[in-house]
Structure formats: C-alpha cells, structure tokens
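For reference, input31.cif (mmCIF, C-alpha atoms and all ligand atoms):
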data_coords
loop_
_atom_site.label_atom_id
_atom_site.label_comp_id
_atom_site.auth_asym_id
_atom_site.auth_seq_id
_atom_site.Cartn_x
_atom_site.Cartn_y
_atom_site.Cartn_z
CA MET A 19 -12.27 35.50 -0.70
CA SER A 20 -12.81 32.66 1.72
CA ILE A 21 -10.92 29.39 1.81
CA SER A 22 -12.77 26.24 0.88
CA ILE A 23 -11.72 22.75 1.84
CA ASN A 24 -13.16 19.75 0.06
CA ALA A 25 -12.67 16.00 0.22
CA ALA A 26 -15.72 14.86 -1.75
CA PHE A 27 -13.74 13.00 -4.39
CA ASP A 28 -12.11 9.64 -5.13
CA SER A 29 -10.04 8.71 -2.02
CA GLY A 30 -10.84 11.98 -0.22
CA ASN A 31 -11.11 12.14 3.57
CA ILE A 32 -11.40 15.14 5.89
CA ARG A 33 -13.95 17.00 7.99
CA VAL A 34 -13.61 20.72 8.73
CA VAL A 35 -14.17 21.53 12.39
CA ALA A 36 -13.27 25.22 12.51
CA CYS A 37 -11.62 27.84 10.32
CA GLN A 38 -10.22 30.83 12.22
CA GLY A 39 -8.06 33.15 10.18
CA ASP A 40 -5.12 31.12 8.89
CA VAL A 41 -5.62 28.24 11.32
CA ILE A 42 -7.85 25.41 10.19
CA ASP A 43 -8.96 22.65 12.55
CA LEU A 44 -9.72 19.34 10.89
CA GLU A 45 -10.71 15.80 11.76
CA ILE A 46 -10.04 12.59 9.87
CA VAL A 47 -13.22 10.59 9.31
CA ALA A 48 -13.18 6.99 10.58
CA ASP A 49 -13.60 4.10 8.14
CA HIS A 50 -17.28 3.25 7.67
CA LEU A 51 -18.47 0.84 10.41
CA SER A 52 -15.00 0.90 12.00
CA ASP A 53 -12.92 2.88 14.48
CA PHE A 54 -9.81 2.93 12.26
CA TYR A 55 -8.64 6.20 10.76
CA GLN A 56 -5.36 7.83 9.73
CA TRP A 57 -5.68 8.44 5.96
CA PHE A 58 -6.47 12.02 4.94
CA HIS A 59 -6.68 13.64 1.51
CA PHE A 60 -8.26 17.01 0.80
CA ARG A 61 -8.15 20.04 -1.46
CA VAL A 62 -7.79 23.70 -0.52
CA ALA A 63 -9.10 26.48 -2.78
CA GLY A 64 -9.00 30.23 -2.41
CA ALA A 65 -5.79 30.40 -0.38
CA ARG A 66 -3.22 31.80 -2.80
CA GLY A 67 -0.66 33.97 -1.04
CA ARG A 68 -1.53 32.75 2.44
CA THR A 69 0.39 30.64 4.91
CA LEU A 70 -2.03 28.21 6.48
CA THR A 71 -1.71 26.04 9.56
CA PHE A 72 -3.73 22.83 9.51
CA ARG A 73 -4.42 21.11 12.81
CA ILE A 74 -5.76 17.55 12.74
CA ILE A 75 -7.28 17.66 16.18
CA ASN A 76 -8.26 13.97 16.40
CA ALA A 77 -4.81 12.67 15.38
CA GLY A 78 -4.25 11.28 18.88
CA GLY A 79 -7.07 8.78 18.38
CA ALA A 80 -5.79 7.53 15.03
CA ALA A 81 -5.10 3.84 14.52
CA TYR A 82 -1.32 4.30 14.81
CA ALA A 83 -0.93 7.59 16.67
CA PHE A 84 2.55 6.43 17.73
CA GLY A 85 3.48 6.79 14.05
CA TRP A 86 2.92 10.57 13.94
CA PRO A 87 6.25 11.66 15.51
CA GLY A 88 8.73 12.09 12.68
CA TYR A 89 6.02 12.01 10.02
CA ARG A 90 5.60 14.83 7.45
CA ALA A 91 2.39 15.52 5.52
CA ARG A 92 2.49 15.67 1.70
CA MET A 93 1.34 18.62 -0.43
CA SER A 94 0.83 18.95 -4.17
CA THR A 95 -0.21 21.78 -6.47
CA ASP A 96 -0.61 19.58 -9.57
CA ARG A 97 -1.63 16.17 -8.08
CA HIS A 98 1.57 14.67 -9.51
CA ALA A 99 4.45 15.88 -7.35
CA TRP A 100 3.85 15.42 -3.61
CA ARG A 101 6.35 17.22 -1.38
CA GLN A 102 6.78 17.02 2.36
CA VAL A 103 5.67 20.05 4.41
CA ASP A 104 6.66 21.16 7.91
CA THR A 105 4.77 18.91 10.31
CA GLY A 106 4.73 18.37 14.05
CA TYR A 107 2.82 16.25 16.53
CA ALA A 108 2.07 17.26 20.12
CA ASP A 109 -0.76 16.75 22.60
CA GLY A 110 -2.73 14.55 20.24
CA VAL A 111 -2.75 17.13 17.43
CA LEU A 112 -0.94 16.81 14.10
CA THR A 113 -0.03 20.28 12.82
CA PHE A 114 1.33 21.17 9.40
CA THR A 115 1.99 24.53 7.82
CA ALA A 116 2.24 25.50 4.17
CA THR A 117 2.53 28.68 2.14
CA ILE A 118 0.21 28.40 -0.81
CA ASP A 119 1.24 30.16 -4.02
CA SER A 120 -1.25 28.47 -6.33
CA GLU A 121 -4.99 28.59 -6.96
CA LEU A 122 -5.42 25.08 -5.60
CA ALA A 123 -3.44 22.80 -3.31
CA TRP A 124 -3.91 19.22 -2.19
CA PHE A 125 -2.78 17.60 1.04
CA ALA A 126 -2.61 13.89 1.86
CA TYR A 127 -1.17 11.35 4.25
CA PHE A 128 0.84 9.97 1.34
CA ALA A 129 0.79 10.49 -2.44
CA PRO A 130 -2.66 9.14 -3.30
CA TYR A 131 -3.38 6.36 -5.75
CA THR A 132 -6.97 6.94 -6.82
CA LEU A 133 -9.35 4.30 -8.08
CA GLU A 134 -9.41 6.22 -11.36
CA ARG A 135 -5.66 5.71 -11.65
CA HIS A 136 -6.17 2.03 -10.81
CA ASP A 137 -8.60 1.74 -13.73
CA ASP A 138 -6.07 3.44 -16.02
CA LEU A 139 -3.34 1.03 -14.86
CA VAL A 140 -5.47 -2.04 -15.47
CA ALA A 141 -6.50 -0.82 -18.90
CA ARG A 142 -2.93 -0.03 -19.91
CA ILE A 143 -1.39 -3.28 -18.66
CA ALA A 144 -4.23 -5.51 -19.88
CA ALA A 145 -3.66 -4.18 -23.43
CA LYS A 146 -0.01 -5.33 -23.48
CA PRO A 147 1.01 -8.49 -25.35
CA GLY A 148 0.98 -11.62 -23.22
CA VAL A 149 -1.20 -10.21 -20.42
CA ALA A 150 -4.51 -11.81 -19.45
CA HIS A 151 -7.11 -9.99 -17.37
CA ARG A 152 -9.92 -11.49 -15.37
CA GLU A 153 -12.44 -10.04 -12.93
CA LEU A 154 -11.91 -12.47 -10.07
CA GLY A 155 -14.92 -11.28 -8.14
CA GLN A 156 -16.60 -8.18 -6.79
CA SER A 157 -16.29 -6.11 -3.66
CA LEU A 158 -19.20 -5.44 -1.32
CA ASP A 159 -19.95 -2.22 -3.23
CA GLY A 160 -19.87 -4.19 -6.49
CA ARG A 161 -16.46 -3.05 -7.74
CA ALA A 162 -14.25 -5.38 -9.75
CA ILE A 163 -11.37 -7.28 -8.17
CA ASP A 164 -8.97 -6.98 -11.10
CA TYR A 165 -6.51 -9.82 -11.66
CA LEU A 166 -3.72 -9.79 -14.24
CA THR A 167 -1.64 -12.81 -15.22
CA LEU A 168 1.66 -12.69 -17.06
CA GLY A 169 4.13 -15.34 -18.10
CA SER A 170 3.97 -19.08 -18.63
CA GLY A 171 6.54 -20.49 -16.25
CA PRO A 172 5.90 -23.47 -13.96
CA ARG A 173 6.46 -21.58 -10.70
CA GLN A 174 3.55 -19.51 -9.40
CA VAL A 175 4.21 -15.98 -8.08
CA TRP A 176 1.40 -14.00 -6.42
CA ALA A 177 1.71 -10.24 -5.91
CA TYR A 178 -1.24 -8.46 -4.29
CA ALA A 179 -1.61 -5.11 -2.63
CA ARG A 180 -3.72 -2.62 -0.80
CA GLN A 181 -5.71 -4.85 1.49
CA HIS A 182 -5.35 -1.71 3.61
CA PRO A 183 -6.52 1.00 1.24
CA GLY A 184 -4.88 3.98 2.96
CA GLU A 185 -1.47 2.41 2.23
CA SER A 186 -1.39 4.00 -1.21
CA MET A 187 2.34 3.37 -1.72
CA CYS A 188 1.33 -0.27 -2.30
CA GLU A 189 -0.32 0.40 -5.59
CA TRP A 190 2.60 2.56 -6.73
CA PHE A 191 4.70 -0.56 -6.06
CA MET A 192 2.30 -2.66 -8.15
CA GLU A 193 2.43 -0.10 -10.96
CA GLY A 194 6.22 -0.44 -10.98
CA LEU A 195 6.02 -4.23 -10.91
CA LEU A 196 3.55 -4.43 -13.80
CA GLU A 197 5.40 -1.84 -15.90
CA ARG A 198 8.69 -3.70 -15.57
CA LEU A 199 7.11 -7.07 -16.32
CA THR A 200 5.64 -5.65 -19.54
CA ASP A 201 8.74 -3.74 -20.71
CA PRO A 202 9.62 -5.37 -24.05
CA GLY A 203 13.17 -4.00 -24.11
CA ASP A 204 14.18 -5.53 -20.78
CA ALA A 205 15.96 -8.89 -20.37
CA ILE A 206 14.89 -9.44 -16.74
CA PRO A 207 11.15 -9.85 -17.44
CA ALA A 208 11.79 -12.06 -20.46
CA ASP A 209 13.75 -14.42 -18.21
CA LEU A 210 11.23 -14.20 -15.33
CA LEU A 211 8.16 -14.79 -17.52
CA ALA A 212 9.68 -17.99 -18.87
CA ARG A 213 10.35 -19.36 -15.40
CA PHE A 214 7.32 -18.03 -13.51
CA THR A 215 3.66 -17.24 -13.95
CA PHE A 216 2.78 -13.97 -12.23
CA HIS A 217 -0.64 -13.51 -10.65
CA CYS A 218 -1.20 -9.84 -9.77
CA VAL A 219 -4.03 -8.16 -7.86
CA PRO A 220 -3.02 -4.48 -7.78
CA ASN A 221 -5.89 -3.45 -5.48
CA MET A 222 -7.53 -5.88 -3.05
CA ASN A 223 -9.79 -3.19 -1.58
CA PRO A 224 -11.30 -0.85 -4.20
CA ASP A 225 -14.20 0.18 -1.94
CA GLY A 226 -11.93 1.34 0.86
CA SER A 227 -9.68 3.08 -1.68
CA TYR A 228 -12.55 5.11 -3.14
CA ARG A 229 -14.10 5.83 0.25
CA GLY A 230 -10.86 7.23 1.66
CA HIS A 231 -10.51 4.47 4.26
CA LEU A 232 -7.33 3.63 6.12
CA ARG A 233 -7.72 -0.04 6.82
CA THR A 234 -11.10 -1.63 6.00
CA ASN A 235 -13.58 -2.45 3.25
CA ALA A 236 -17.14 -1.11 2.85
CA ALA A 237 -18.31 -3.16 5.86
CA GLY A 238 -15.53 -2.02 8.17
CA VAL A 239 -13.71 -5.36 7.82
CA ASN A 240 -9.91 -5.56 7.95
CA LEU A 241 -9.24 -7.86 5.00
CA ASN A 242 -5.89 -8.95 6.38
CA ARG A 243 -7.68 -10.67 9.28
CA GLU A 244 -9.95 -12.76 7.03
CA TRP A 245 -7.62 -15.23 5.31
CA HIS A 246 -8.44 -18.24 7.53
CA ALA A 247 -12.18 -18.00 6.77
CA PRO A 248 -13.18 -15.37 4.18
CA THR A 249 -16.91 -15.08 3.43
CA ALA A 250 -19.04 -13.60 0.66
CA GLU A 251 -20.85 -11.48 3.25
CA ARG A 252 -17.83 -9.91 4.97
CA SER A 253 -14.80 -10.32 2.75
CA PRO A 254 -15.59 -11.36 -0.84
CA GLU A 255 -12.38 -9.57 -1.88
CA VAL A 256 -10.28 -12.13 -0.01
CA LEU A 257 -12.53 -15.09 -0.80
CA CYS A 258 -12.18 -14.74 -4.57
CA VAL A 259 -8.40 -14.33 -4.38
CA ARG A 260 -7.85 -17.23 -2.00
CA ASN A 261 -10.11 -19.46 -4.14
CA ARG A 262 -8.00 -18.61 -7.19
CA MET A 263 -4.81 -19.32 -5.25
CA ASP A 264 -6.23 -22.76 -4.41
CA GLU A 265 -6.54 -23.38 -8.15
CA THR A 266 -3.07 -22.13 -9.14
CA GLY A 267 -1.00 -22.99 -6.07
CA VAL A 268 1.48 -20.45 -4.72
CA ASP A 269 5.28 -20.80 -4.70
CA ILE A 270 6.20 -17.19 -3.94
CA ALA A 271 3.93 -14.45 -2.56
CA ILE A 272 4.33 -10.77 -1.79
CA ASP A 273 1.55 -8.93 0.07
CA VAL A 274 2.27 -5.21 -0.20
CA HIS A 275 1.63 -2.83 2.71
CA GLY A 276 2.67 0.47 4.27
CA ASP A 277 3.73 1.04 7.87
CA GLU A 278 2.81 4.20 9.79
CA ALA A 279 5.66 4.17 12.28
CA ILE A 280 8.86 2.49 11.09
CA PRO A 281 11.03 4.71 8.83
CA ALA A 282 12.31 1.88 6.62
CA ASN A 283 11.38 -0.75 4.08
CA PHE A 284 11.24 -4.27 5.49
CA ILE A 285 9.49 -7.61 5.07
CA ALA A 286 7.60 -9.61 7.67
CA GLY A 287 7.45 -13.39 7.44
CA TYR A 288 5.54 -16.38 8.77
CA GLU A 289 7.29 -17.45 11.96
CA GLY A 290 5.00 -19.52 14.15
CA ILE A 291 2.92 -21.19 11.42
CA PRO A 292 1.88 -24.80 12.17
CA ASN A 293 3.75 -26.12 9.10
CA TRP A 294 6.95 -24.22 9.93
CA THR A 295 10.27 -25.85 9.15
CA ASP A 296 13.67 -24.27 9.59
CA GLU A 297 14.34 -24.79 5.87
CA HIS A 298 11.17 -22.90 4.97
CA GLY A 299 12.12 -20.07 7.33
CA ALA A 300 15.67 -19.97 6.00
CA ARG A 301 14.40 -19.16 2.51
CA PHE A 302 12.59 -16.09 3.86
CA THR A 303 15.70 -14.92 5.70
CA ALA A 304 17.86 -15.47 2.63
CA PHE A 305 15.48 -13.52 0.41
CA GLY A 306 15.54 -10.54 2.77
CA ALA A 307 19.34 -10.64 2.90
CA ALA A 308 19.58 -10.77 -0.88
CA TRP A 309 17.24 -7.78 -1.21
CA ALA A 310 19.17 -5.74 1.37
CA ALA A 311 22.40 -6.50 -0.47
CA ALA A 312 20.88 -5.32 -3.75
CA THR A 313 19.68 -1.83 -2.82
CA PRO A 314 20.14 0.90 -0.15
CA ASP A 315 16.33 1.24 -0.18
CA PHE A 316 15.81 -2.07 1.67
CA GLN A 317 17.05 -3.32 5.03
CA THR A 318 16.54 -6.15 7.54
CA LYS A 319 17.49 -4.55 10.88
CA LEU A 320 14.18 -2.75 11.57
CA GLY A 321 10.91 -4.69 11.45
CA TYR A 322 8.16 -6.37 13.43
CA PRO A 323 8.69 -8.75 16.35
CA VAL A 324 8.16 -12.36 15.24
CA ALA A 325 5.52 -14.80 16.55
CA ALA A 326 6.55 -17.61 18.88
CA ALA A 327 6.41 -21.23 17.68
CA GLY A 328 2.82 -22.21 16.88
CA ARG A 329 1.47 -18.71 17.55
CA ALA A 330 1.15 -17.33 14.03
CA ASN A 331 -2.14 -15.58 13.22
CA LEU A 332 -3.50 -17.58 10.28
CA ALA A 333 -6.09 -14.88 9.60
CA MET A 334 -3.25 -12.84 8.10
CA SER A 335 -2.44 -13.42 4.48
CA THR A 336 1.29 -14.11 4.63
CA ASN A 337 0.89 -16.68 7.41
CA GLN A 338 -2.07 -18.33 5.66
CA VAL A 339 -0.33 -18.49 2.27
CA ALA A 340 2.94 -19.77 3.74
CA ASN A 341 1.11 -22.42 5.74
CA ARG A 342 -1.48 -23.39 3.13
CA PHE A 343 0.84 -23.63 0.12
CA GLY A 344 4.31 -23.89 1.64
CA ALA A 345 5.06 -20.65 -0.19
CA LEU A 346 7.97 -18.31 0.35
CA ALA A 347 5.59 -15.58 1.48
CA MET A 348 6.42 -12.05 2.55
CA THR A 349 4.57 -8.96 3.75
CA LEU A 350 6.37 -5.93 2.35
CA GLU A 351 6.05 -2.82 4.51
CA MET A 352 7.01 0.53 3.00
CA PRO A 353 7.13 3.71 5.10
CA PHE A 354 4.74 6.66 5.21
CA LYS A 355 7.78 8.58 6.46
CA ASP A 356 11.01 7.76 4.63
CA HIS A 357 13.58 5.03 4.34
CA ASP A 358 15.97 6.71 6.76
CA ASP A 359 19.07 4.83 5.55
CA ASN A 360 18.68 6.62 2.21
CA ALA A 361 16.52 9.64 3.02
CA ASP A 362 15.04 12.20 0.63
CA PRO A 363 14.26 15.40 2.58
CA GLU A 364 12.12 16.87 -0.20
CA PHE A 365 9.78 14.01 -1.03
CA GLY A 366 10.33 11.39 1.68
CA TRP A 367 9.29 7.90 0.60
CA SER A 368 7.51 8.48 -2.71
CA PRO A 369 5.64 6.95 -5.64
CA GLU A 370 8.78 6.89 -7.79
CA ARG A 371 10.79 5.10 -5.12
CA SER A 372 7.95 2.62 -4.49
CA LYS A 373 8.00 1.80 -8.20
CA ARG A 374 11.79 1.42 -8.25
CA LEU A 375 11.60 -0.89 -5.24
CA ALA A 376 9.30 -3.14 -7.27
CA HIS A 377 11.75 -3.13 -10.19
CA GLY A 378 14.45 -4.22 -7.77
CA TRP A 379 12.25 -6.92 -6.21
CA LEU A 380 11.96 -8.54 -9.63
CA GLU A 381 15.75 -8.48 -10.05
CA VAL A 382 16.22 -10.09 -6.64
CA LEU A 383 13.62 -12.73 -7.50
CA ALA A 384 15.32 -13.46 -10.83
CA ALA A 385 18.66 -14.08 -9.12
CA PHE A 386 17.30 -15.79 -6.00
CA GLU A 387 15.31 -18.60 -7.54
CA ARG A 388 18.05 -20.01 -9.77
ZN ZN B 401 -1.22 -2.81 5.86
#
As structure tokens, what does this structure read like?
Ligand code: ZN
Amino acid sequence: MSISINAAFDSGNIRVVACQGDVIDLEIVADHLSDFYQWFHFRVAGARGRTLTFRIINAGGAAYAFGWPGYRARMSTDRHAWRQVDTGYADGVLTFTATIDSELAWFAYFAPYTLERHDDLVARIAAKPGVAHRELGQSLDGRAIDYLTLGSGPRQVWAYARQHPGESMCEWFMEGLLERLTDPGDAIPADLLARFTFHCVPNMNPDGSYRGHLRTNAAGVNLNREWHAPTAERSPEVLCVRNRMDETGVDIAIDVHGDEAIPANFIAGYEGIPNWTDEHGARFTAFGAAWAAATPDFQTKLGYPVAAAGRANLAMSTNQVANRFGALAMTLEMPFKDHDDNADPEFGWSPERSKRLAHGWLEVLAAFER
C-alpha cells in the first residue's frame, strides 16, 4: 500500500515534492499573495509500521529560518495529543523522523487550533451567563470577527490573538483565558469581572487560519502592520477592532503571538512611542516582573530589542494601542519550541501550558491593578 499525504483541510499546509521509499520531500506553501511561510500541517495515511523521514526542502527560505535550530516538529495520532519528534535542521532543510504505528498520523508546526475549534469555543463561551457576543465585522473572505465581552467593571481590558494565524498557541491561550473568566466556582474571575470589562477577540485572522497561512490574511496582508491606518480593502479585521476600541477605550491590552526562535515566554512593550512617559513604561516593566515572579513559565531576560526614543512602529498593535489610549499594552510571545527554563521534553510548549499561562495572566492582573 502506498503512503498518501494530504493537507486539504482546515488549517492544512504542505506540498509533496517527491516520495522515495521512506523519505518524503515536502515544501511549505507560501501565504496567498505573500512570501511568508513557516506553518505546516498535514496528514499521513497508509504508513503503519514504517519509519518515515520527512524533509521540508524549502525550510531555508521560511520567514524565520533562524528559528529552525532547536525546534522539534509535532506529531499526533488522535489530533489531541501533539508530541515532539526527532527534528534537525541543516543546509536549508528541516528533517524529522517518526515511526508510525497507527493508521493515520498528523504532523504540524505546532498543535493546530482549527477554525472549527474556534467556532466551538465561541459557541460554548457565548452560551455562558454574563457573556455577550457580537460579530464586530467580517474578514476579506467574509468570515466573522467574533468578539466576546464579559464583566461590568469600569476598567477596559482588551485581549486579542492570532493576527498571525500560524501562531496557533495564541488561540489556546485565549481558550484558557475565556474558560477561566467563565468558571463559576472560581473567586478570581468574580473579582476581575467586577473591576474590569473584558473585550476578547480570540481570532483576528480567521481567513489565514483556515488557509493554513503563517502570517497574513486572504490578501497577503500582515495585520500587525496595519494599526496606524487599517482599511476595509486590505485589513477589515483590524479596522473593526480598532473602531470598537475607539468606542470603549483601552486601559490594559494583551496582543497574543508566538515566536519562532526564542525558547521562552516574554512580553514586548511600546518603547519609542510619541506619547511615552517613564511612568507609563514603568507600569509595563512592573507587570512583566510580577508575572515572572508568579510562574516559572514566564521570564523577562530573553526578548526583543527595544525601539529608540520616538522610533516605535505605530503600525503595530501594541505601540498603537499604548500611544492611542495610554494603555498598559503588551505583546505576549509564546514559543514554538519550549520555555527552556521549565522544559517539557515530551510535548515542548503545548496547548495545555498556553491555557495555564492565560489562567496565570488573569491572576497577575487581579493582583497588579489593586
Ligand atoms: Zn506574531
């Protein structure tokens, strides 16, 4: 029986180049109308009992090829548990090997979060007491931008994720956030919902998510470079969210992302915005320190270099929101690899840990804003 490889499904991405014995050469398909690619997700059938070597031969041209060293691909036989497999990177080729003892196996860059799962999440959370749902707008392909509000407090918290659709850990984080906020037996959300109103967009980029994109929407636009001037033609996903923010105001914001290279959780801030003050910046620093003190799954040593005074890119959401509203704004980056300070050799960074990180973020928020 011959092996078949398929990615024609929700969030799938791969192209088969050659299949020679147990070695399969593959390419990741670039985002539509864009050069970005790094997300892959495909299924293998007909391989039970074989040890296969997959070679992604265009890995060297990926958006963040410098992130491949130290990375390990994920494999699942049930689409629930995603384990790391032996992976190496050399000469522009990402190679991973797996022995398949099941009828079917799936491989992905990170545990996927399909659009179907997004729909299930929205349905489940919207049905909980005290939750309001609104379709804020539509994507270029006509998909809903789902927006959930919780709580009645005077301070406005915005949590939004997956501007970059291949960063699937982001929506696992949002699932954790929304589940904790709607847990009736938990004292933390009861306290938070009295002090804050939460505005949540669990998926900013449904088109890219479904299409198996890494970084862009259906028009090849990087949504996190649109926040200074979003348009209905290029970036309706950002336009509808920013317009709603203008109505509600923003006191605290978290924009949830994944990073291809750095093996740690960290937040990036808004250094260099025109409205910068040292007091504003000190709140960001203090929040990061409080989070690092609260859990071994967060740290502040590794992260991005900061912009010089006046040099912030206001096309990026965290800079725009910090500057526009004076918000304590943060870009959370979770790893595709692992959080090395607290590593898990079997799963690496994972859906469960992304969800727990969100639970912890709410605890830090509850204590921080007293
Ligand atoms: Zn990102």
I'd like the contact shell of region 37-51 of chain A - 10 Å cut-off, all atoms listed in the file, skipping same-chain residues fewer than 4 positions apart - returned as a count of residues only. 43
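Environment of (-6.9, 10.1, -5.2): residues at most 6 Å away, judged by only C-alpha atoms, are A:Asp28, A:Ser29, A:Pro130, A:Tyr131, A:Thr132.
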Shortest interatomic distance to ligand ZN 401 (chain B) - which of A:Tyr178, A:Phe365, A:Tyr288, A:Trp86, counting all atoms listed in the file: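 Nearest to ligand ZN 401 (chain B): A:Tyr178.
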Which residues of chain A have any atom within 7 Å of an atom in ligand ZN 401 (chain B) when counting all atoms listed in the file, and what is the closest pair of atoms for each, with the distance in Å to one decimal? Order the rows by chain and rising number and write it as JSON lines.
{"residue": "A:Gln181", "atom": "CA", "partner": "B:ZN401", "partner_atom": "ZN", "distance": 6.6}
{"residue": "A:His182", "atom": "CA", "partner": "B:ZN401", "partner_atom": "ZN", "distance": 4.8}
{"residue": "A:Glu185", "atom": "CA", "partner": "B:ZN401", "partner_atom": "ZN", "distance": 6.4}
{"residue": "A:His275", "atom": "CA", "partner": "B:ZN401", "partner_atom": "ZN", "distance": 4.2}
{"residue": "A:Gly276", "atom": "CA", "partner": "B:ZN401", "partner_atom": "ZN", "distance": 5.3}
{"residue": "A:Asp277", "atom": "CA", "partner": "B:ZN401", "partner_atom": "ZN", "distance": 6.6}
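If you measure from each of A:Pro202, A:Met348, A:Ala286, A:Asn341 to Thr318 (chain A) using all atoms listed in the file, the closest one turns out to be A:Ala286.
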Just checking: using all atoms listed in the file, which residue out of A:Gly366, A:Pro281, A:Gly306, A:Pro207 ends up closest to Leu346 (chain A)? A:Gly306
Region 262-273 of chain A environment, 6 Å, all atoms listed in the file, sequence neighbours closer than 2 positions dropped, as a list in words: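 Here the answer would be Gln174, Val175, Trp176, Ala177, Tyr178, Ala179, Val259, Arg260, Phe343, Ala345, Leu346, Ala347, Met348 and Thr349 of chain A.
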Atomic separation - CA of Tyr322 (chain A) relative to CA of Glu351 (chain A), Å: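 Between these atoms lies a distance of 9.8 Å.
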Taking only residues of region 268-330 of chain A that have an atom at most 10 Å from an atom of region 368-375 of chain A, what is each one's shortest atom pair and its distance in Å to one decimal, using all atoms listed in the file, in chain and number order, as a tab-separated table?
residue	atom	partner	partner_atom	distance
A:Asn283	CA	A:Leu375	CA	9.3
A:Trp309	CA	A:Leu375	CA	9.8
A:Thr313	CA	A:Leu375	CA	8.5
A:Asp315	CA	A:Leu375	CA	7.2
A:Phe316	CA	A:Leu375	CA	8.2
Which residues come within 7 Å of Glu278 (chain A), counting all atoms listed in the file, excluding same-chain residues fewer than 4 positions away, as an MDAnalysis selection string? chainID A and resid 82 85 353:354
Starting from the incomplete input, reconstruct all heavy atoms of region 220-227 of chain A and write that as a PDB file, keeping the file's coordinate frame.
ATOM      1  N   PRO A 220      -3.605  -5.762  -8.196  1.00  0.00           N
ATOM      2  CA  PRO A 220      -3.020  -4.480  -7.780  1.00  0.00           C
ATOM      3  C   PRO A 220      -3.805  -3.772  -6.687  1.00  0.00           C
ATOM      4  O   PRO A 220      -3.244  -2.942  -5.970  1.00  0.00           O
ATOM      5  CB  PRO A 220      -3.003  -3.646  -9.057  1.00  0.00           C
ATOM      6  CG  PRO A 220      -3.749  -4.406 -10.088  1.00  0.00           C
ATOM      7  CD  PRO A 220      -3.955  -5.807  -9.622  1.00  0.00           C
ATOM      8  N   ASN A 221      -5.099  -4.098  -6.542  1.00  0.00           N
ATOM      9  CA  ASN A 221      -5.890  -3.450  -5.480  1.00  0.00           C
ATOM     10  C   ASN A 221      -6.909  -4.436  -4.933  1.00  0.00           C
ATOM     11  O   ASN A 221      -7.917  -4.729  -5.568  1.00  0.00           O
ATOM     12  CB  ASN A 221      -6.589  -2.194  -6.022  1.00  0.00           C
ATOM     13  CG  ASN A 221      -7.215  -1.382  -4.898  1.00  0.00           C
ATOM     14  OD1 ASN A 221      -7.558  -1.917  -3.839  1.00  0.00           O
ATOM     15  ND2 ASN A 221      -7.382  -0.100  -5.127  1.00  0.00           N
ATOM     16  N   MET A 222      -6.638  -4.934  -3.730  1.00  0.00           N
ATOM     17  CA  MET A 222      -7.530  -5.880  -3.050  1.00  0.00           C
ATOM     18  C   MET A 222      -8.761  -5.197  -2.470  1.00  0.00           C
ATOM     19  O   MET A 222      -9.707  -5.879  -2.069  1.00  0.00           O
ATOM     20  CB  MET A 222      -6.782  -6.549  -1.886  1.00  0.00           C
ATOM     21  CG  MET A 222      -5.678  -7.488  -2.273  1.00  0.00           C
ATOM     22  SD  MET A 222      -6.275  -9.086  -2.864  1.00  0.00           S
ATOM     23  CE  MET A 222      -7.145  -9.731  -1.426  1.00  0.00           C
ATOM     24  N   ASN A 223      -8.739  -3.872  -2.334  1.00  0.00           N
ATOM     25  CA  ASN A 223      -9.790  -3.190  -1.580  1.00  0.00           C
ATOM     26  C   ASN A 223     -10.239  -1.904  -2.292  1.00  0.00           C
ATOM     27  O   ASN A 223     -10.009  -0.789  -1.804  1.00  0.00           O
ATOM     28  CB  ASN A 223      -9.272  -2.878  -0.164  1.00  0.00           C
ATOM     29  CG  ASN A 223     -10.371  -2.484   0.796  1.00  0.00           C
ATOM     30  OD1 ASN A 223     -11.458  -2.089   0.386  1.00  0.00           O
ATOM     31  ND2 ASN A 223     -10.093  -2.576   2.085  1.00  0.00           N
ATOM     32  N   PRO A 224     -10.892  -2.050  -3.453  1.00  0.00           N
ATOM     33  CA  PRO A 224     -11.300  -0.850  -4.200  1.00  0.00           C
ATOM     34  C   PRO A 224     -12.319   0.005  -3.449  1.00  0.00           C
ATOM     35  O   PRO A 224     -12.294   1.235  -3.588  1.00  0.00           O
ATOM     36  CB  PRO A 224     -11.880  -1.419  -5.500  1.00  0.00           C
ATOM     37  CG  PRO A 224     -12.214  -2.847  -5.202  1.00  0.00           C
ATOM     38  CD  PRO A 224     -11.230  -3.299  -4.169  1.00  0.00           C
ATOM     39  N   ASP A 225     -13.186  -0.623  -2.658  1.00  0.00           N
ATOM     40  CA  ASP A 225     -14.200   0.180  -1.940  1.00  0.00           C
ATOM     41  C   ASP A 225     -13.533   1.097  -0.918  1.00  0.00           C
ATOM     42  O   ASP A 225     -13.839   2.289  -0.836  1.00  0.00           O
ATOM     43  CB  ASP A 225     -15.192  -0.733  -1.207  1.00  0.00           C
ATOM     44  CG  ASP A 225     -16.028  -1.570  -2.161  1.00  0.00           C
ATOM     45  OD1 ASP A 225     -15.969  -1.321  -3.386  1.00  0.00           O
ATOM     46  OD2 ASP A 225     -16.729  -2.480  -1.672  1.00  0.00           O
ATOM     47  N   GLY A 226     -12.629   0.529  -0.131  1.00  0.00           N
ATOM     48  CA  GLY A 226     -11.930   1.340   0.860  1.00  0.00           C
ATOM     49  C   GLY A 226     -11.086   2.422   0.193  1.00  0.00           C
ATOM     50  O   GLY A 226     -10.964   3.539   0.703  1.00  0.00           O
ATOM     51  N   SER A 227     -10.505   2.108  -0.963  1.00  0.00           N
ATOM     52  CA  SER A 227      -9.680   3.080  -1.680  1.00  0.00           C
ATOM     53  C   SER A 227     -10.528   4.282  -2.092  1.00  0.00           C
ATOM     54  O   SER A 227     -10.147   5.431  -1.881  1.00  0.00           O
ATOM     55  CB  SER A 227      -9.078   2.448  -2.936  1.00  0.00           C
ATOM     56  OG  SER A 227      -8.297   1.336  -2.608  1.00  0.00           O
TER      57      SER A 227
END
